[in-house]
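Just upload_38.cif here, mmCIF, C-alpha atoms (C1' of nucleotides):
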data_data
#
loop_
_atom_site.group_PDB
_atom_site.id
_atom_site.type_symbol
_atom_site.label_atom_id
_atom_site.label_comp_id
_atom_site.auth_asym_id
_atom_site.auth_seq_id
_atom_site.Cartn_x
_atom_site.Cartn_y
_atom_site.Cartn_z
ATOM 1 C CA MET A 1 21.407 -10.198 -3.911
ATOM 2 C CA ARG A 2 17.644 -9.726 -3.635
ATOM 3 C CA VAL A 3 16.244 -7.525 -0.839
ATOM 4 C CA ALA A 4 12.535 -6.954 -0.210
ATOM 5 C CA THR A 5 10.214 -5.076 2.127
ATOM 6 C CA TRP A 6 6.651 -6.086 2.931
ATOM 7 C CA ASN A 7 4.078 -4.867 5.429
ATOM 8 C CA VAL A 8 2.449 -8.240 6.047
ATOM 9 C CA ASN A 9 -0.325 -7.031 8.416
ATOM 10 C CA SER A 10 0.219 -9.898 10.906
ATOM 11 C CA ILE A 11 2.961 -12.472 10.288
ATOM 12 C CA ARG A 12 0.733 -15.193 11.749
ATOM 13 C CA ALA A 13 -2.308 -14.430 9.626
ATOM 14 C CA ARG A 14 -0.027 -14.076 6.586
ATOM 15 C CA LEU A 15 2.163 -17.138 7.189
ATOM 16 C CA PRO A 16 0.842 -19.326 4.319
ATOM 17 C CA ARG A 17 1.117 -16.418 1.852
ATOM 18 C CA LEU A 18 4.514 -15.383 3.254
ATOM 19 C CA LEU A 19 5.991 -18.877 2.984
ATOM 20 C CA SER A 20 4.761 -19.426 -0.552
ATOM 21 C CA TRP A 21 5.945 -15.973 -1.637
ATOM 22 C CA LEU A 22 9.404 -16.581 -0.132
ATOM 23 C CA SER A 23 9.550 -19.916 -1.944
ATOM 24 C CA SER A 24 8.850 -18.288 -5.319
ATOM 25 C CA ALA A 25 10.660 -14.931 -5.065
ATOM 26 C CA TRP A 26 13.585 -16.303 -2.984
ATOM 27 C CA PRO A 27 14.711 -12.987 -1.555
ATOM 28 C CA ASP A 28 17.971 -13.085 0.402
ATOM 29 C CA VAL A 29 16.784 -10.442 2.865
ATOM 30 C CA VAL A 30 13.215 -9.407 3.739
ATOM 31 C CA CYS A 31 12.156 -6.476 5.908
ATOM 32 C CA LEU A 32 8.753 -7.074 7.477
ATOM 33 C CA GLN A 33 6.400 -4.601 9.126
ATOM 34 C CA GLU A 34 3.226 -5.016 11.168
ATOM 35 C CA VAL A 35 4.331 -8.376 12.521
ATOM 36 C CA LYS A 36 1.581 -7.910 15.154
ATOM 37 C CA CYS A 37 2.587 -10.524 17.711
ATOM 38 C CA SER A 38 5.061 -11.015 20.526
ATOM 39 C CA ALA A 39 8.587 -12.056 19.540
ATOM 40 C CA ASP A 40 7.893 -15.460 21.090
ATOM 41 C CA ASP A 41 4.926 -15.998 18.757
ATOM 42 C CA VAL A 42 6.857 -15.291 15.551
ATOM 43 C CA PRO A 43 6.892 -18.540 13.495
ATOM 44 C CA THR A 44 10.670 -18.882 13.473
ATOM 45 C CA ALA A 45 10.738 -22.636 12.779
ATOM 46 C CA GLU A 46 8.735 -22.352 9.547
ATOM 47 C CA LEU A 47 11.003 -19.531 8.346
ATOM 48 C CA ALA A 48 14.167 -21.350 9.435
ATOM 49 C CA ALA A 49 12.990 -24.317 7.349
ATOM 50 C CA LEU A 50 13.315 -22.057 4.303
ATOM 51 C CA GLY A 51 16.806 -21.009 5.402
ATOM 52 C CA TYR A 52 16.032 -17.679 7.069
ATOM 53 C CA GLN A 53 17.540 -16.329 10.255
ATOM 54 C CA LEU A 54 15.429 -13.702 12.016
ATOM 55 C CA ALA A 55 16.009 -10.446 13.831
ATOM 56 C CA VAL A 56 12.773 -9.376 15.517
ATOM 57 C CA ASN A 57 11.520 -6.266 17.298
ATOM 58 C CA SER A 58 7.892 -7.103 18.005
ATOM 59 C CA THR A 59 5.966 -6.846 21.258
ATOM 60 C CA GLY A 60 2.318 -7.694 20.732
ATOM 61 C CA ARG A 61 -0.864 -6.889 18.925
ATOM 62 C CA TRP A 62 0.284 -3.666 17.221
ATOM 63 C CA ASN A 63 3.323 -2.701 15.120
ATOM 64 C CA GLY A 64 6.328 -5.051 15.110
ATOM 65 C CA VAL A 65 9.199 -5.257 12.619
ATOM 66 C CA ALA A 66 11.628 -7.971 11.593
ATOM 67 C CA ILE A 67 14.434 -8.794 9.202
ATOM 68 C CA LEU A 68 14.708 -12.232 7.600
ATOM 69 C CA SER A 69 18.054 -13.145 6.089
ATOM 70 C CA LYS A 70 19.584 -16.098 4.291
ATOM 71 C CA VAL A 71 22.954 -14.313 4.106
ATOM 72 C CA GLY A 72 23.646 -13.581 7.754
ATOM 73 C CA LEU A 73 22.522 -11.077 10.376
ATOM 74 C CA ALA A 74 25.263 -9.093 12.073
ATOM 75 C CA ALA A 75 25.285 -6.011 14.318
ATOM 76 C CA VAL A 76 21.564 -6.194 15.026
ATOM 77 C CA ARG A 77 20.252 -2.914 16.452
ATOM 78 C CA VAL A 78 16.770 -2.544 17.940
ATOM 79 C CA GLY A 79 15.061 0.856 17.856
ATOM 80 C CA LEU A 80 16.223 4.362 16.954
ATOM 81 C CA LEU A 81 18.699 6.713 18.592
ATOM 82 C CA ASP A 82 16.726 8.532 21.335
ATOM 83 C CA GLU A 83 13.519 7.074 19.939
ATOM 84 C CA PRO A 84 10.393 8.916 21.133
ATOM 85 C CA GLY A 85 7.474 6.954 22.541
ATOM 86 C CA TYR A 86 3.784 7.458 21.882
ATOM 87 C CA HIS A 87 1.925 9.061 24.772
ATOM 88 C CA ALA A 88 -1.685 7.916 24.477
ATOM 89 C CA GLU A 89 -4.190 10.256 26.103
ATOM 90 C CA ASP A 90 -5.233 7.668 28.697
ATOM 91 C CA ALA A 91 -1.692 6.513 29.527
ATOM 92 C CA LEU A 92 0.504 7.738 32.344
ATOM 93 C CA LEU A 93 3.713 7.496 30.370
ATOM 94 C CA PRO A 94 4.795 7.309 26.727
ATOM 95 C CA THR A 95 5.503 3.859 25.312
ATOM 96 C CA ILE A 96 8.350 3.163 22.912
ATOM 97 C CA GLU A 97 6.851 1.040 20.152
ATOM 98 C CA ALA A 98 8.389 -1.729 18.026
ATOM 99 C CA ARG A 99 8.973 0.197 14.809
ATOM 100 C CA ALA A 100 12.634 -0.162 13.804
ATOM 101 C CA ILE A 101 15.334 -2.809 13.618
ATOM 102 C CA ALA A 102 18.624 -2.981 11.738
ATOM 103 C CA ALA A 103 21.078 -5.661 10.753
ATOM 104 C CA THR A 104 24.069 -6.034 8.458
ATOM 105 C CA CYS A 105 23.376 -8.728 5.852
ATOM 106 C CA ALA A 106 26.208 -9.761 3.539
ATOM 107 C CA GLY A 107 27.875 -6.418 4.175
ATOM 108 C CA VAL A 108 24.760 -4.335 3.452
ATOM 109 C CA ARG A 109 23.257 -2.288 6.295
ATOM 110 C CA ILE A 110 19.486 -2.846 6.266
ATOM 111 C CA TRP A 111 16.808 -1.091 8.351
ATOM 112 C CA SER A 112 13.215 -2.321 8.552
ATOM 113 C CA VAL A 113 11.036 0.615 9.609
ATOM 114 C CA TYR A 114 7.349 1.103 10.330
ATOM 115 C CA VAL A 115 6.709 4.843 10.541
ATOM 116 C CA PRO A 116 3.748 5.853 12.759
ATOM 117 C CA ASN A 117 0.523 6.416 10.808
ATOM 118 C CA GLY A 118 -0.344 9.789 12.351
ATOM 119 C CA ARG A 119 -4.107 9.109 12.246
ATOM 120 C CA ALA A 120 -5.183 12.756 11.794
ATOM 121 C CA ILE A 121 -3.357 16.088 11.625
ATOM 122 C CA ASP A 122 -4.886 17.268 14.918
ATOM 123 C CA HIS A 123 -4.236 13.923 16.667
ATOM 124 C CA PRO A 124 -1.269 13.449 19.058
ATOM 125 C CA HIS A 125 -0.205 10.539 16.858
ATOM 126 C CA TYR A 126 0.674 13.025 14.092
ATOM 127 C CA ALA A 127 3.065 14.973 16.367
ATOM 128 C CA TYR A 128 4.515 11.612 17.425
ATOM 129 C CA LYS A 129 5.003 10.676 13.759
ATOM 130 C CA LEU A 130 7.011 13.873 13.130
ATOM 131 C CA ARG A 131 9.151 13.369 16.260
ATOM 132 C CA TRP A 132 9.733 9.748 15.263
ATOM 133 C CA LEU A 133 10.872 10.812 11.784
ATOM 134 C CA GLU A 134 13.340 13.275 13.370
ATOM 135 C CA ALA A 135 14.803 10.431 15.435
ATOM 136 C CA LEU A 136 15.009 8.319 12.285
ATOM 137 C CA ALA A 137 17.009 11.055 10.521
ATOM 138 C CA ALA A 138 19.323 11.403 13.545
ATOM 139 C CA THR A 139 19.869 7.642 13.561
ATOM 140 C CA VAL A 140 20.666 7.645 9.846
ATOM 141 C CA ARG A 141 23.152 10.499 10.287
ATOM 142 C CA GLU A 142 24.928 8.502 12.998
ATOM 143 C CA GLU A 143 24.879 5.152 11.174
ATOM 144 C CA ARG A 144 25.856 6.395 7.725
ATOM 145 C CA ALA A 145 29.372 7.179 8.946
ATOM 146 C CA GLN A 146 29.919 3.523 9.865
ATOM 147 C CA HIS A 147 27.855 1.559 7.344
ATOM 148 C CA CYS A 148 27.955 1.456 3.562
ATOM 149 C CA PRO A 149 26.012 0.292 1.558
ATOM 150 C CA PHE A 150 23.026 1.436 3.618
ATOM 151 C CA ALA A 151 19.243 1.483 3.126
ATOM 152 C CA LEU A 152 16.005 2.116 5.001
ATOM 153 C CA LEU A 153 13.178 -0.126 3.826
ATOM 154 C CA GLY A 154 9.639 -0.164 5.100
ATOM 155 C CA ASP A 155 6.218 1.381 5.452
ATOM 156 C CA PHE A 156 6.829 5.132 5.672
ATOM 157 C CA ASN A 157 3.129 6.082 5.821
ATOM 158 C CA ILE A 158 3.977 9.106 3.643
ATOM 159 C CA ILE A 159 2.890 9.644 0.038
ATOM 160 C CA PRO A 160 6.063 11.258 -1.349
ATOM 161 C CA THR A 161 4.455 13.259 -4.170
ATOM 162 C CA ASP A 162 0.947 13.898 -5.473
ATOM 163 C CA THR A 163 1.463 11.344 -8.244
ATOM 164 C CA ASP A 164 2.038 8.617 -5.639
ATOM 165 C CA ALA A 165 -1.677 8.305 -4.829
ATOM 166 C CA TRP A 166 -4.639 7.553 -7.043
ATOM 167 C CA ASP A 167 -6.441 10.811 -6.187
ATOM 168 C CA THR A 168 -4.989 13.865 -4.459
ATOM 169 C CA ALA A 169 -8.477 15.167 -3.631
ATOM 170 C CA ALA A 170 -9.032 12.138 -1.398
ATOM 171 C CA PHE A 171 -6.199 13.312 0.888
ATOM 172 C CA ILE A 172 -7.110 16.964 1.444
ATOM 173 C CA GLY A 173 -6.815 17.629 5.156
ATOM 174 C CA SER A 174 -5.440 14.184 5.944
ATOM 175 C CA THR A 175 -2.097 12.766 6.977
ATOM 176 C CA HIS A 176 0.436 11.138 4.586
ATOM 177 C CA VAL A 177 0.562 14.155 2.234
ATOM 178 C CA THR A 178 1.327 17.139 4.485
ATOM 179 C CA GLU A 179 4.278 19.416 3.879
ATOM 180 C CA ARG A 180 5.776 18.519 7.255
ATOM 181 C CA GLU A 181 5.722 14.778 6.455
ATOM 182 C CA ARG A 182 7.181 15.357 2.994
ATOM 183 C CA THR A 183 9.842 17.651 4.495
ATOM 184 C CA ALA A 184 10.825 14.788 6.807
ATOM 185 C CA LEU A 185 11.350 12.591 3.743
ATOM 186 C CA ALA A 186 13.346 15.395 2.096
ATOM 187 C CA ALA A 187 15.560 15.518 5.198
ATOM 188 C CA LEU A 188 16.482 11.876 4.613
ATOM 189 C CA ARG A 189 17.396 12.717 1.008
ATOM 190 C CA GLU A 190 19.528 15.636 2.221
ATOM 191 C CA ILE A 191 21.505 13.185 4.362
ATOM 192 C CA GLY A 192 22.346 11.373 1.123
ATOM 193 C CA LEU A 193 19.612 8.790 0.689
ATOM 194 C CA SER A 194 17.585 8.480 -2.496
ATOM 195 C CA ASP A 195 14.207 6.956 -3.281
ATOM 196 C CA VAL A 196 14.703 3.649 -5.159
ATOM 197 C CA TYR A 197 11.685 3.929 -7.444
ATOM 198 C CA PRO A 198 10.355 0.488 -8.395
ATOM 199 C CA ARG A 199 8.648 -0.476 -11.638
ATOM 200 C CA PRO A 200 4.981 -1.425 -11.469
ATOM 201 C CA LEU A 201 3.905 -4.812 -12.816
ATOM 202 C CA LYS A 202 0.697 -3.141 -14.048
ATOM 203 C CA TYR A 203 -0.597 0.442 -14.529
ATOM 204 C CA GLU A 204 1.522 3.594 -14.437
ATOM 205 C CA VAL A 205 2.413 4.136 -10.798
ATOM 206 C CA PRO A 206 4.041 1.489 -8.562
ATOM 207 C CA PHE A 207 1.496 1.644 -5.745
ATOM 208 C CA THR A 208 2.334 -0.544 -2.760
ATOM 209 C CA TYR A 209 -0.818 -0.230 -0.630
ATOM 210 C CA TRP A 210 -4.509 -0.519 -1.373
ATOM 211 C CA ASP A 211 -7.084 -0.215 1.417
ATOM 212 C CA TYR A 212 -9.129 -3.340 2.059
ATOM 213 C CA ARG A 213 -12.244 -1.137 1.902
ATOM 214 C CA ALA A 214 -14.191 0.329 -0.969
ATOM 215 C CA LEU A 215 -12.830 -2.076 -3.598
ATOM 216 C CA ALA A 216 -9.579 -0.114 -3.584
ATOM 217 C CA PHE A 217 -7.480 -2.837 -5.225
ATOM 218 C CA PRO A 218 -9.785 -3.632 -8.175
ATOM 219 C CA LYS A 219 -10.204 0.116 -8.738
ATOM 220 C CA ASN A 220 -6.421 0.599 -8.329
ATOM 221 C CA SER A 221 -7.070 3.228 -5.668
ATOM 222 C CA GLY A 222 -3.535 2.778 -4.404
ATOM 223 C CA GLN A 223 -0.763 4.622 -2.632
ATOM 224 C CA ARG A 224 3.032 4.365 -2.835
ATOM 225 C CA ILE A 225 3.982 4.446 0.852
ATOM 226 C CA ASP A 226 6.353 1.462 1.146
ATOM 227 C CA LEU A 227 9.730 2.908 0.230
ATOM 228 C CA VAL A 228 13.388 2.031 -0.166
ATOM 229 C CA TYR A 229 15.651 4.931 0.831
ATOM 230 C CA ALA A 230 19.218 4.032 -0.072
ATOM 231 C CA ASP A 231 22.669 5.560 -0.013
ATOM 232 C CA ALA A 232 24.601 5.941 -3.268
ATOM 233 C CA ALA A 233 26.471 2.642 -2.891
ATOM 234 C CA PHE A 234 23.179 0.759 -2.508
ATOM 235 C CA ALA A 235 21.312 2.743 -5.157
ATOM 236 C CA ASP A 236 24.129 2.400 -7.692
ATOM 237 C CA ALA A 237 24.088 -1.384 -7.233
ATOM 238 C CA VAL A 238 20.357 -1.686 -8.020
ATOM 239 C CA THR A 239 19.780 -3.724 -11.177
ATOM 240 C CA ASP A 240 15.988 -4.008 -10.861
ATOM 241 C CA ALA A 241 13.185 -2.998 -8.502
ATOM 242 C CA TYR A 242 9.487 -3.801 -8.714
ATOM 243 C CA VAL A 243 6.291 -3.970 -6.691
ATOM 244 C CA ASP A 244 4.846 -7.477 -6.632
ATOM 245 C CA ARG A 245 1.184 -6.470 -6.881
ATOM 246 C CA ASN A 246 0.252 -10.123 -7.482
ATOM 247 C CA GLU A 247 0.625 -10.599 -3.713
ATOM 248 C CA ARG A 248 -2.269 -8.163 -3.154
ATOM 249 C CA LYS A 249 -4.611 -10.460 -5.102
ATOM 250 C CA GLY A 250 -6.917 -13.157 -3.821
ATOM 251 C CA THR A 251 -7.950 -14.302 -0.384
ATOM 252 C CA GLY A 252 -5.714 -13.913 2.619
ATOM 253 C CA ALA A 253 -3.690 -11.043 1.128
ATOM 254 C CA SER A 254 -2.053 -8.247 3.086
ATOM 255 C CA ASP A 255 -3.241 -4.753 2.179
ATOM 256 C CA HIS A 256 0.386 -4.033 1.149
ATOM 257 C CA ALA A 257 2.391 -5.599 -1.680
ATOM 258 C CA PRO A 258 6.105 -6.452 -1.385
ATOM 259 C CA VAL A 259 8.729 -4.146 -2.903
ATOM 260 C CA VAL A 260 11.591 -6.198 -4.343
ATOM 261 C CA VAL A 261 15.068 -4.830 -5.109
ATOM 262 C CA ASP A 262 17.847 -6.693 -6.903
ATOM 263 C CA LEU A 263 21.405 -5.614 -6.153
ATOM 264 C CA ALA A 264 24.606 -6.380 -8.013
ATOM 265 C CA VAL A 265 26.614 -6.985 -4.883
ATOM 266 C CA PRO A 266 28.483 -10.181 -4.109
ATOM 267 C CA ILE A 267 26.821 -12.280 -1.440
ATOM 268 C CA VAL A 268 29.304 -13.071 1.268
ATOM 269 C CA ARG A 269 27.522 -15.464 3.562
ATOM 270 C CA GLN A 270 28.372 -14.453 7.088
ATOM 271 C CA GLU A 271 29.252 -16.872 9.817
ATOM 272 C CA HIS A 272 26.965 -16.545 12.790
ATOM 273 C CA PRO A 273 27.562 -17.638 16.374
ATOM 274 C CA ALA A 274 26.254 -21.102 17.168
ATOM 275 C "C1'" DA B 1 -21.502 3.688 1.059
ATOM 276 C "C1'" DT B 2 -15.185 2.496 5.286
ATOM 277 C "C1'" DG B 3 -18.044 -1.952 0.253
ATOM 278 C "C1'" DT B 4 -12.304 -4.751 5.036
ATOM 279 C "C1'" DC B 5 -9.206 -7.037 7.925
ATOM 280 C "C1'" DA B 6 -6.564 -8.314 12.223
ATOM 281 C "C1'" DG B 7 -6.020 -9.018 17.286
ATOM 282 C "C1'" DC B 8 -8.040 -8.914 21.676
ATOM 283 C "C1'" DG B 9 -11.114 -9.920 25.528
ATOM 284 C "C1'" DA B 10 -14.215 -13.132 26.300
ATOM 285 C "C1'" DC B 11 -16.985 -16.591 24.054
ATOM 286 C "C1'" DA B 12 -20.039 -13.786 19.287
ATOM 287 C "C1'" DC B 13 -19.447 -9.659 18.701
ATOM 288 C "C1'" DG B 14 -17.867 -4.922 19.830
ATOM 289 C "C1'" DC B 15 -13.668 -2.318 20.157
ATOM 290 C "C1'" DT B 16 -9.273 -0.455 18.256
ATOM 291 C "C1'" DG B 17 -6.129 0.465 14.600
ATOM 292 C "C1'" DA B 18 -5.090 0.637 9.853
#

Show me the file's structure as structure tokens.
Amino acid sequence: MRVATWNVNSIRARLPRLLSWLSSAWPDVVCLQEVKCSADDVPTAELAALGYQLAVNSTGRWNGVAILSKVGLAAVRVGLLDEPGYHAEDALLPTIEARAIAATCAGVRIWSVYVPNGRAIDHPHYAYKLRWLEALAATVREERAQHCPFALLGDFNIIPTDTDAWDTAAFIGSTHVTERERTALAALREIGLSDVYPRPLKYEVPFTYWDYRALAFPKNSGQRIDLVYADAAFADAVTDAYVDRNERKGTGASDHAPVVVDLAVPIVRQEHPA
DNA sequence: ATGTCAGCGACACGCTGA
């Protein structure tokens, strides 16, 4: 079974690239992030034509996650356990954002997650990011007892180690590399998840994100922030994992490349209610 | 040199977020 994760930076803007990539890579399950439209505006018919069912948690112009599956979608769960909202300075109340969704696909528990960016260390979004990661860990602790194999896939907006970015000096004083963010990742490993490290198709480090600005992709000024955090049953079944950097090339590309994982698990196609 | 994109409101470009 082939599972992938891809921050598409708008499913509508990316639809031609998404459809052609699905038609060549033929993943069984795809976790998407930054869907960036209401659930009603997700192009379900075009994806259904390729054989995908959808589970969507997406509310509008920002954020939004989804899971596409050709092998069934069971026990769909939207959002985290006691998920914190983001309290913007000009808002009366915090808003819970569309950043997590789970489904069981051919017996494998899959989470598509879009961790808050954090913006800057002294910004309220950074405190929100840390609270959100705590809720993610609590959700994993609860779910792991019931679901195996299990994996979180998505845009974590954390550079796990200094080698996972093109230049550590570029991140001094910024988010994505702080001890508190990396400790939050370590907490997920302490629960029993491990980082499924993909192979790069080019260069040494399997970067997954290159900023649109400053010629980051041609200079390979990349970051590895799209991660697969898997339990032992999932990780032990991995036969291959790679970052499809070819999807970052050319016009109409997302700023993220897909991470693709092949698993040696039998595909039991689930029945779904009519 | 943040050298770019995407969505939105409102209609052509400025704002926000990444």

Which residue out of A:Glu204, A:Glu97, A:Asp211, A:Asp226 has the minimum interatomic distance to DT4 of chain B when only C-alpha atoms (C1' of nucleotides) are used? A:Asp211

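Interface residues on chain A toward chain B (cut-off 6 Å, all atoms listed in the file): Arg61, Tyr212, Arg213 and Ala214 of chain A.
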
I'd like the residues picked by the PyMOL selection byres ((chain A and resi 94-96) around 10) written out as a list in words, using the chain letters and numbers from the file.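 This file gives the following for the PyMOL selection byres ((chain A and resi 94-96) around 10): Gly79, Leu80, Glu83, Pro84, Gly85, Tyr86, His87, Ala88, Glu89, Ala91, Leu92, Leu93, Glu97, Ala98 and Arg99 of chain A.
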
For Glu190 of chain A, the nearest of the candidates A:Asp231, A:Trp26, A:Ala13, A:Leu50, counting all atoms listed in the file: A:Asp231

Here is a test: counting all atoms listed in the file, which residue of A:Pro116, A:Pro160, A:Pro149, A:Pro206 is nearest to Leu136 of chain A? A:Pro116

Using all atoms listed in the file, which protein or nucleic acid residues come within 12 Å of Asn157 of chain A? Drop anything in the same chain fewer than 4 positions from it, and give the result as an MDAnalysis selection string. (chainID A and resid 7 33 113:119 126 129:130 133 153 164:165 174:178 181:182 184:185 208:209 223:227 256) or (chainID B and resid 18)

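Our summary of the geometry notes that atom CA of Trp111 of chain A is positioned 10.6 Å from atom CA of Thr139 of chain A.
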
Around chain B, fit a box with edges along x, y and z, padding it by 8 Å on each side, then list its centre and edge lengths in Å to one decimal as AutoDock Vina command-line options.
--center_x -13.3 --center_y -6.5 --center_z 13.3 --size_x 32.4 --size_y 36.3 --size_z 42.0

In Å, rounded to a single decimal, give me how far atom CA of Ala137 of chain A is from atom CA of Asn9 of chain A.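 Interatomic distance, atom CA of Asn9 of chain A to atom CA of Ala137 of chain A: 25.1 Å.
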
Excluding Trp210 of chain A and any residue of its chain fewer than 2 positions from it, enumerate the residues within 6 Å of it, using all atoms listed in the file, and give them as number ranges by chain. A: 216-217, 222, 255

Contacts of Val29 of chain A within 6 Å, only C-alpha atoms (C1' of nucleotides), excl. fewer than 4 positions in-chain, as a PyMOL selection string: chain A and resi 3+68-69

Using atom CA of Leu73 of chain A and atom CA of Val30 of chain A as the two end points, give the distance in Å to one decimal. 11.6 Å

Fewer than 3 positions away in the same chain doesn't count, so skip those; otherwise give me all residues within 6 Å of segment 191-199 of chain A, counting all atoms listed in the file, as a PyMOL selection string. chain A and resi 188+206+228-231+241-242

Print the selection's residues with C-alpha atoms to a file, as a PDB file, keeping the file's coordinate frame.
ATOM      1  CA  LEU A 188      16.482  11.876   4.613  1.00  0.00           C
ATOM      2  CA  PRO A 206       4.041   1.489  -8.562  1.00  0.00           C
ATOM      3  CA  VAL A 228      13.388   2.031  -0.166  1.00  0.00           C
ATOM      4  CA  TYR A 229      15.651   4.931   0.831  1.00  0.00           C
ATOM      5  CA  ALA A 230      19.218   4.032  -0.072  1.00  0.00           C
ATOM      6  CA  ASP A 231      22.669   5.560  -0.013  1.00  0.00           C
ATOM      7  CA  ALA A 241      13.185  -2.998  -8.502  1.00  0.00           C
ATOM      8  CA  TYR A 242       9.487  -3.801  -8.714  1.00  0.00           C
TER       9      TYR A 242
END

Can you list, as a list in words, the residues that the PyMOL selection byres ((chain A and resi 39) around 12) selects here?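 Listing what the PyMOL selection byres ((chain A and resi 39) around 12) selects in the shown file: Ile11, Arg12, Val35, Lys36, Cys37, Ser38, Asp40, Asp41, Val42, Pro43, Thr44, Leu54, Ala55, Val56, Asn57, Ser58, Thr59, Gly60, Arg61, Asn63, Gly64, Val65, Ala66 and Ala98 of chain A.
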